[in-house]
file target_3.pdb (PDB, C-alpha atoms, pLDDT in the B column)
ATOM      1  CA  MET D   1       0.000   0.000   0.000  1.00 88.00           C
ATOM      2  CA  THR D   2       1.405   3.391  -0.975  1.00 93.00           C
ATOM      3  CA  ASP D   3       1.739   6.432   1.300  1.00 94.00           C
ATOM      4  CA  ASP D   4      -1.032   8.128  -0.692  1.00 96.00           C
ATOM      5  CA  GLU D   5      -3.408   5.201  -0.187  1.00 97.00           C
ATOM      6  CA  HIS D   6      -2.648   5.222   3.547  1.00 96.00           C
ATOM      7  CA  ALA D   7      -3.366   8.969   3.612  1.00 97.00           C
ATOM      8  CA  ILE D   8      -6.715   8.512   1.860  1.00 98.00           C
ATOM      9  CA  ARG D   9      -7.697   5.740   4.289  1.00 97.00           C
ATOM     10  CA  ARG D  10      -6.762   8.058   7.191  1.00 97.00           C
ATOM     11  CA  LEU D  11      -8.949  10.782   5.652  1.00 97.00           C
ATOM     12  CA  VAL D  12     -11.936   8.399   5.721  1.00 97.00           C
ATOM     13  CA  ASP D  13     -11.179   7.383   9.328  1.00 97.00           C
ATOM     14  CA  THR D  14     -10.826  11.041  10.328  1.00 97.00           C
ATOM     15  CA  TRP D  15     -14.128  11.913   8.606  1.00 96.00           C
ATOM     16  CA  LEU D  16     -15.985   9.147  10.471  1.00 96.00           C
ATOM     17  CA  ALA D  17     -14.432  10.035  13.846  1.00 96.00           C
ATOM     18  CA  ALA D  18     -15.056  13.765  13.412  1.00 95.00           C
ATOM     19  CA  SER D  19     -18.656  13.117  12.312  1.00 93.00           C
ATOM     20  CA  LYS D  20     -19.239  10.987  15.403  1.00 92.00           C
ATOM     21  CA  ALA D  21     -17.744  13.725  17.614  1.00 92.00           C
ATOM     22  CA  GLY D  22     -19.818  16.453  15.926  1.00 91.00           C
ATOM     23  CA  ASP D  23     -16.594  18.176  14.799  1.00 94.00           C
ATOM     24  CA  ILE D  24     -17.896  19.958  11.716  1.00 94.00           C
ATOM     25  CA  GLU D  25     -14.747  22.077  11.278  1.00 96.00           C
ATOM     26  CA  THR D  26     -12.550  18.991  10.895  1.00 97.00           C
ATOM     27  CA  VAL D  27     -14.966  17.475   8.371  1.00 97.00           C
ATOM     28  CA  LEU D  28     -15.050  20.718   6.366  1.00 97.00           C
ATOM     29  CA  GLY D  29     -11.242  20.741   6.322  1.00 97.00           C
ATOM     30  CA  LEU D  30     -11.260  17.362   4.570  1.00 98.00           C
ATOM     31  CA  MET D  31     -12.927  18.799   1.462  1.00 98.00           C
ATOM     32  CA  THR D  32     -11.862  21.240  -1.215  1.00 98.00           C
ATOM     33  CA  ASP D  33     -13.520  24.653  -1.319  1.00 97.00           C
ATOM     34  CA  ASP D  34     -15.140  23.723  -4.644  1.00 98.00           C
ATOM     35  CA  VAL D  35     -16.378  20.297  -3.501  1.00 98.00           C
ATOM     36  CA  ILE D  36     -19.583  18.963  -5.028  1.00 98.00           C
ATOM     37  CA  PHE D  37     -21.751  16.318  -3.383  1.00 98.00           C
ATOM     38  CA  MET D  38     -24.365  14.319  -5.261  1.00 97.00           C
ATOM     39  CA  ALA D  39     -27.019  12.280  -3.457  1.00 92.00           C
ATOM     40  CA  PRO D  40     -30.213  10.533  -4.578  1.00 89.00           C
ATOM     41  CA  GLY D  41     -33.276  12.737  -4.929  1.00 89.00           C
ATOM     42  CA  GLY D  42     -31.561  16.104  -4.695  1.00 91.00           C
ATOM     43  CA  LYS D  43     -29.536  18.619  -6.611  1.00 96.00           C
ATOM     44  CA  PRO D  44     -25.737  18.666  -6.305  1.00 97.00           C
ATOM     45  CA  PHE D  45     -24.543  20.860  -3.446  1.00 97.00           C
ATOM     46  CA  GLY D  46     -21.313  22.375  -2.203  1.00 98.00           C
ATOM     47  CA  LYS D  47     -19.364  23.071   0.955  1.00 98.00           C
ATOM     48  CA  GLN D  48     -21.621  25.852   2.277  1.00 97.00           C
ATOM     49  CA  GLU D  49     -24.733  23.706   1.932  1.00 97.00           C
ATOM     50  CA  PHE D  50     -22.929  20.792   3.564  1.00 96.00           C
ATOM     51  CA  ALA D  51     -21.924  23.022   6.497  1.00 96.00           C
ATOM     52  CA  ALA D  52     -25.486  24.323   6.919  1.00 95.00           C
ATOM     53  CA  ALA D  53     -26.950  20.803   6.847  1.00 92.00           C
ATOM     54  CA  SER D  54     -24.325  19.624   9.360  1.00 90.00           C
ATOM     55  CA  GLU D  55     -25.129  22.534  11.673  1.00 88.00           C
ATOM     56  CA  ALA D  56     -28.829  21.632  11.497  1.00 85.00           C
ATOM     57  CA  MET D  57     -27.938  18.041  12.480  1.00 85.00           C
ATOM     58  CA  LYS D  58     -25.782  18.956  15.502  1.00 84.00           C
ATOM     59  CA  GLN D  59     -28.289  17.470  17.922  1.00 86.00           C
ATOM     60  CA  LEU D  60     -28.145  14.091  16.197  1.00 89.00           C
ATOM     61  CA  ARG D  61     -25.602  11.375  16.936  1.00 89.00           C
ATOM     62  CA  VAL D  62     -23.977  10.154  13.716  1.00 90.00           C
ATOM     63  CA  GLU D  63     -22.007   6.922  13.583  1.00 93.00           C
ATOM     64  CA  GLY D  64     -20.669   5.131  10.551  1.00 94.00           C
ATOM     65  CA  THR D  65     -18.494   2.401   9.184  1.00 96.00           C
ATOM     66  CA  SER D  66     -16.590   2.279   5.942  1.00 97.00           C
ATOM     67  CA  ASN D  67     -15.529  -0.595   3.733  1.00 98.00           C
ATOM     68  CA  ILE D  68     -13.181   0.830   1.102  1.00 98.00           C
ATOM     69  CA  GLN D  69     -13.343  -1.399  -1.956  1.00 98.00           C
ATOM     70  CA  GLU D  70     -10.964   0.390  -4.307  1.00 98.00           C
ATOM     71  CA  ILE D  71      -8.528   3.288  -4.343  1.00 98.00           C
ATOM     72  CA  GLN D  72      -6.763   4.374  -7.521  1.00 98.00           C
ATOM     73  CA  ILE D  73      -4.130   7.132  -7.467  1.00 98.00           C
ATOM     74  CA  LEU D  74      -3.630   9.146 -10.664  1.00 97.00           C
ATOM     75  CA  GLY D  75      -0.965  11.753  -9.885  1.00 96.00           C
ATOM     76  CA  ASP D  76      -2.582  14.551  -7.851  1.00 97.00           C
ATOM     77  CA  TRP D  77      -6.024  12.985  -8.307  1.00 98.00           C
ATOM     78  CA  ALA D  78      -7.505   9.783  -6.942  1.00 98.00           C
ATOM     79  CA  TYR D  79     -10.804   7.998  -6.830  1.00 98.00           C
ATOM     80  CA  MET D  80     -12.265   5.693  -4.237  1.00 98.00           C
ATOM     81  CA  ARG D  81     -15.159   3.238  -4.223  1.00 98.00           C
ATOM     82  CA  ASN D  82     -16.544   2.725  -0.762  1.00 97.00           C
ATOM     83  CA  HIS D  83     -19.471   1.079   0.999  1.00 97.00           C
ATOM     84  CA  ILE D  84     -20.747   3.054   3.978  1.00 96.00           C
ATOM     85  CA  GLU D  85     -23.189   2.220   6.750  1.00 96.00           C
ATOM     86  CA  MET D  86     -24.537   5.131   8.827  1.00 95.00           C
ATOM     87  CA  ILE D  87     -26.753   5.292  11.900  1.00 94.00           C
ATOM     88  CA  VAL D  88     -28.250   8.663  12.828  1.00 91.00           C
ATOM     89  CA  THR D  89     -29.855   8.773  16.281  1.00 90.00           C
ATOM     90  CA  PRO D  90     -31.911  11.686  17.650  1.00 87.00           C
ATOM     91  CA  SER D  91     -30.590  13.238  20.877  1.00 82.00           C
ATOM     92  CA  ASP D  92     -33.700  12.025  22.724  1.00 83.00           C
ATOM     93  CA  ASN D  93     -32.651   8.441  21.855  1.00 78.00           C
ATOM     94  CA  GLY D  94     -35.540   8.175  19.415  1.00 83.00           C
ATOM     95  CA  THR D  95     -35.646   5.655  16.606  1.00 90.00           C
ATOM     96  CA  PRO D  96     -32.309   5.544  14.766  1.00 91.00           C
ATOM     97  CA  LEU D  97     -32.262   6.070  11.001  1.00 91.00           C
ATOM     98  CA  ARG D  98     -30.047   3.527   9.263  1.00 95.00           C
ATOM     99  CA  ARG D  99     -28.666   4.244   5.821  1.00 94.00           C
ATOM    100  CA  SER D 100     -26.177   2.345   3.721  1.00 95.00           C
ATOM    101  CA  GLY D 101     -24.845   2.215   0.205  1.00 95.00           C
ATOM    102  CA  HIS D 102     -21.973   2.858  -2.106  1.00 97.00           C
ATOM    103  CA  THR D 103     -20.051   6.036  -2.802  1.00 97.00           C
ATOM    104  CA  LEU D 104     -17.724   7.090  -5.560  1.00 98.00           C
ATOM    105  CA  THR D 105     -15.363   9.810  -4.393  1.00 98.00           C
ATOM    106  CA  ILE D 106     -12.861  11.877  -6.344  1.00 98.00           C
ATOM    107  CA  LEU D 107     -10.006  13.272  -4.286  1.00 98.00           C
ATOM    108  CA  ARG D 108      -7.429  15.944  -5.044  1.00 98.00           C
ATOM    109  CA  LYS D 109      -4.013  16.304  -3.478  1.00 97.00           C
ATOM    110  CA  ALA D 110      -3.640  19.624  -1.656  1.00 94.00           C
ATOM    111  CA  PRO D 111      -0.501  21.789  -1.909  1.00 92.00           C
ATOM    112  CA  ASP D 112       0.558  20.532   1.553  1.00 92.00           C
ATOM    113  CA  GLY D 113       0.505  16.933   0.230  1.00 92.00           C
ATOM    114  CA  GLY D 114      -2.685  15.900   2.028  1.00 94.00           C
ATOM    115  CA  TRP D 115      -5.770  14.614   0.243  1.00 98.00           C
ATOM    116  CA  GLN D 116      -9.174  16.293   0.145  1.00 98.00           C
ATOM    117  CA  ILE D 117     -12.561  15.276  -1.202  1.00 98.00           C
ATOM    118  CA  ALA D 118     -13.360  17.151  -4.420  1.00 98.00           C
ATOM    119  CA  ARG D 119     -16.455  15.269  -5.663  1.00 98.00           C
ATOM    120  CA  ASP D 120     -18.636  12.685  -3.989  1.00 98.00           C
ATOM    121  CA  ALA D 121     -21.490  10.632  -5.418  1.00 98.00           C
ATOM    122  CA  ASN D 122     -23.269   9.212  -2.398  1.00 94.00           C
ATOM    123  CA  LEU D 123     -25.765   6.426  -3.016  1.00 92.00           C
ATOM    124  CA  LEU D 124     -26.772   5.802   0.599  1.00 92.00           C
ATOM    125  CA  VAL D 125     -30.437   4.928   1.046  1.00 90.00           C
ATOM    126  CA  GLU D 126     -32.546   4.133   4.083  1.00 89.00           C
ATOM    127  CA  ASP D 127     -32.271   0.522   5.219  1.00 85.00           C
ATOM    128  CA  ASN D 128     -35.552  -1.327   5.622  1.00 67.00           C
TER     129      ASN D 128
END

call {"tool": "encode", "arguments": {"input": "target_3.pdb", "output": "structure tokens"}}
result
Amino acid sequence: MTDDEHAIRRLVDTWLAASKAGDIETVLGLMTDDVIFMAPGGKPFGKQEFAAASEAMKQLRVEGTSNIQEIQILGDWAYMRNHIEMIVTPSDNGTPLRRSGHTLTILRKAPDGGWQIARDANLLVEDN
């Protein structure tokens, strides 16, 4: 496994840990300023919309697991196929919402050598 692949795997681990901790600033730092997210049933959205949605979800507990299935490095760009399982629980310990599915993520190497998410196609849907 290359140093770049290790770094991308650490990015995913950091994202999951920061999401669980409610650390929105760390999550935002893992994406480029021009990031675009695509999810079923909605229009593509960027970093500001992601931040606003995250702020609105601060009272929810978010936990997830990742099963990276492929990482390909192409110079300063990379892509990753991943399967994610998420559980979102209301702060009053209400009924958890479980979502899972595949993602296809395009990453770009930052000037400091770290990797950031530039595009993300998220196919998570509610589990029945």

call {"tool": "resolve_selection", "arguments": {"input": "target_3.pdb", "expression": "the PyMOL selection byres ((chain D and resi 7) around 12)", "output": "PyMOL selection string"}}
result
chain D and resi 1-6+8-14+30+71+73+78+107-110+113-116

call {"tool": "atom_distance", "arguments": {"input": "target_3.pdb", "atom1": "CA of Lys58 (chain D)", "atom2": "CA of Gly22 (chain D)"}}
result
6.5 Å

call {"tool": "resolve_selection", "arguments": {"input": "target_3.pdb", "expression": "the PyMOL selection byres ((chain D and resi 47) around 12)", "output": "JSON, numbers by chain"}}
result
{"D": [24, 25, 27, 28, 29, 30, 31, 32, 33, 34, 35, 36, 37, 38, 44, 45, 46, 48, 49, 50, 51, 52, 53, 54, 117, 118, 119, 120]}

call {"tool": "atom_distance", "arguments": {"input": "target_3.pdb", "atom1": "CA of Gln69 (chain D)", "atom2": "CA of Lys20 (chain D)"}}
result
22.1 Å

call {"tool": "closest_residue", "arguments": {"input": "target_3.pdb", "among": "D:Ser19, D:Asn93, D:Thr103, D:Thr26", "to": "Asn67 (chain D)", "atoms": "all atoms listed in the file"}}
result
D:Thr103

call {"tool": "atom_distance", "arguments": {"input": "target_3.pdb", "atom1": "CA of Ala56 (chain D)", "atom2": "CA of Leu123 (chain D)"}}
result
21.2 Å

call {"tool": "axis_aligned_box", "arguments": {"input": "target_3.pdb", "around": "region 73-85 of chain D", "padding_each_side": "4 Å", "output": "JSON"}}
result
{"center_x": -12.1, "center_y": 7.8, "center_z": -2.0, "size_x": 30.2, "size_y": 21.5, "size_z": 25.4}

call {"tool": "resolve_selection", "arguments": {"input": "target_3.pdb", "expression": "the PyMOL selection byres ((chain D and resi 61) around 6)", "output": "JSON, numbers by chain"}}
result
{"D": [60, 62, 88, 89]}

call {"tool": "residues_near_point", "arguments": {"input": "target_3.pdb", "point": "(-26.3, 2.9, 5.3)", "cutoff": "12 Å", "atoms": "only C-alpha atoms", "output": "number ranges by chain"}}
result
D: 62-67, 82-88, 96-103, 122-128

call {"tool": "closest_residue", "arguments": {"input": "target_3.pdb", "among": "D:Gln59, D:Gly42, D:Ile106, D:Gly94", "to": "Gln72 (chain D)", "atoms": "only C-alpha atoms"}}
result
D:Ile106

call {"tool": "closest_residue", "arguments": {"input": "target_3.pdb", "among": "D:Thr105, D:Asp23, D:Ala18, D:Pro40", "to": "Ile68 (chain D)", "atoms": "all atoms listed in the file"}}
result
D:Thr105

call {"tool": "build_atoms", "arguments": {"input": "target_3.pdb", "residues": "region 64-80 of chain D", "atoms": "N, CA and C atoms", "output": "PDB file, in the coordinates of the input"}}
result
ATOM      1  N   GLY D  64     -20.770   5.804  11.834  1.00 94.00           N
ATOM      2  CA  GLY D  64     -20.669   5.131  10.551  1.00 94.00           C
ATOM      3  C   GLY D  64     -19.497   4.182  10.471  1.00 94.00           C
ATOM      4  N   THR D  65     -19.593   3.295   9.507  1.00 96.00           N
ATOM      5  CA  THR D  65     -18.494   2.401   9.184  1.00 96.00           C
ATOM      6  C   THR D  65     -18.239   2.481   7.691  1.00 96.00           C
ATOM      7  N   SER D  66     -17.023   2.180   7.331  1.00 97.00           N
ATOM      8  CA  SER D  66     -16.590   2.279   5.942  1.00 97.00           C
ATOM      9  C   SER D  66     -15.914   0.989   5.531  1.00 97.00           C
ATOM     10  N   ASN D  67     -16.206   0.555   4.319  1.00 98.00           N
ATOM     11  CA  ASN D  67     -15.529  -0.595   3.733  1.00 98.00           C
ATOM     12  C   ASN D  67     -15.005  -0.150   2.368  1.00 98.00           C
ATOM     13  N   ILE D  68     -13.776   0.348   2.352  1.00 98.00           N
ATOM     14  CA  ILE D  68     -13.181   0.830   1.102  1.00 98.00           C
ATOM     15  C   ILE D  68     -12.926  -0.367   0.195  1.00 98.00           C
ATOM     16  N   GLN D  69     -13.453  -0.295  -1.018  1.00 98.00           N
ATOM     17  CA  GLN D  69     -13.343  -1.399  -1.956  1.00 98.00           C
ATOM     18  C   GLN D  69     -12.297  -1.171  -3.036  1.00 98.00           C
ATOM     19  N   GLU D  70     -11.964   0.101  -3.271  1.00 98.00           N
ATOM     20  CA  GLU D  70     -10.964   0.390  -4.307  1.00 98.00           C
ATOM     21  C   GLU D  70     -10.457   1.818  -4.119  1.00 98.00           C
ATOM     22  N   ILE D  71      -9.158   1.967  -4.277  1.00 98.00           N
ATOM     23  CA  ILE D  71      -8.528   3.288  -4.343  1.00 98.00           C
ATOM     24  C   ILE D  71      -7.565   3.254  -5.524  1.00 98.00           C
ATOM     25  N   GLN D  72      -7.687   4.230  -6.394  1.00 98.00           N
ATOM     26  CA  GLN D  72      -6.763   4.374  -7.521  1.00 98.00           C
ATOM     27  C   GLN D  72      -6.168   5.782  -7.455  1.00 98.00           C
ATOM     28  N   ILE D  73      -4.846   5.859  -7.508  1.00 98.00           N
ATOM     29  CA  ILE D  73      -4.130   7.132  -7.467  1.00 98.00           C
ATOM     30  C   ILE D  73      -3.682   7.466  -8.884  1.00 98.00           C
ATOM     31  N   LEU D  74      -3.979   8.693  -9.323  1.00 97.00           N
ATOM     32  CA  LEU D  74      -3.630   9.146 -10.664  1.00 97.00           C
ATOM     33  C   LEU D  74      -2.933  10.499 -10.539  1.00 97.00           C
ATOM     34  N   GLY D  75      -1.693  10.497 -10.103  1.00 96.00           N
ATOM     35  CA  GLY D  75      -0.965  11.753  -9.885  1.00 96.00           C
ATOM     36  C   GLY D  75      -1.540  12.495  -8.695  1.00 96.00           C
ATOM     37  N   ASP D  76      -2.006  13.735  -8.927  1.00 97.00           N
ATOM     38  CA  ASP D  76      -2.582  14.551  -7.851  1.00 97.00           C
ATOM     39  C   ASP D  76      -4.082  14.338  -7.705  1.00 97.00           C
ATOM     40  N   TRP D  77      -4.611  13.340  -8.392  1.00 98.00           N
ATOM     41  CA  TRP D  77      -6.024  12.985  -8.307  1.00 98.00           C
ATOM     42  C   TRP D  77      -6.131  11.515  -7.916  1.00 98.00           C
ATOM     43  N   ALA D  78      -7.244  11.175  -7.293  1.00 98.00           N
ATOM     44  CA  ALA D  78      -7.505   9.783  -6.942  1.00 98.00           C
ATOM     45  C   ALA D  78      -9.008   9.570  -6.924  1.00 98.00           C
ATOM     46  N   TYR D  79      -9.401   8.314  -7.054  1.00 98.00           N
ATOM     47  CA  TYR D  79     -10.804   7.998  -6.830  1.00 98.00           C
ATOM     48  C   TYR D  79     -10.901   6.808  -5.897  1.00 98.00           C
ATOM     49  N   MET D  80     -12.041   6.739  -5.226  1.00 98.00           N
ATOM     50  CA  MET D  80     -12.265   5.693  -4.237  1.00 98.00           C
ATOM     51  C   MET D  80     -13.704   5.196  -4.344  1.00 98.00           C
TER      52      MET D  80
END
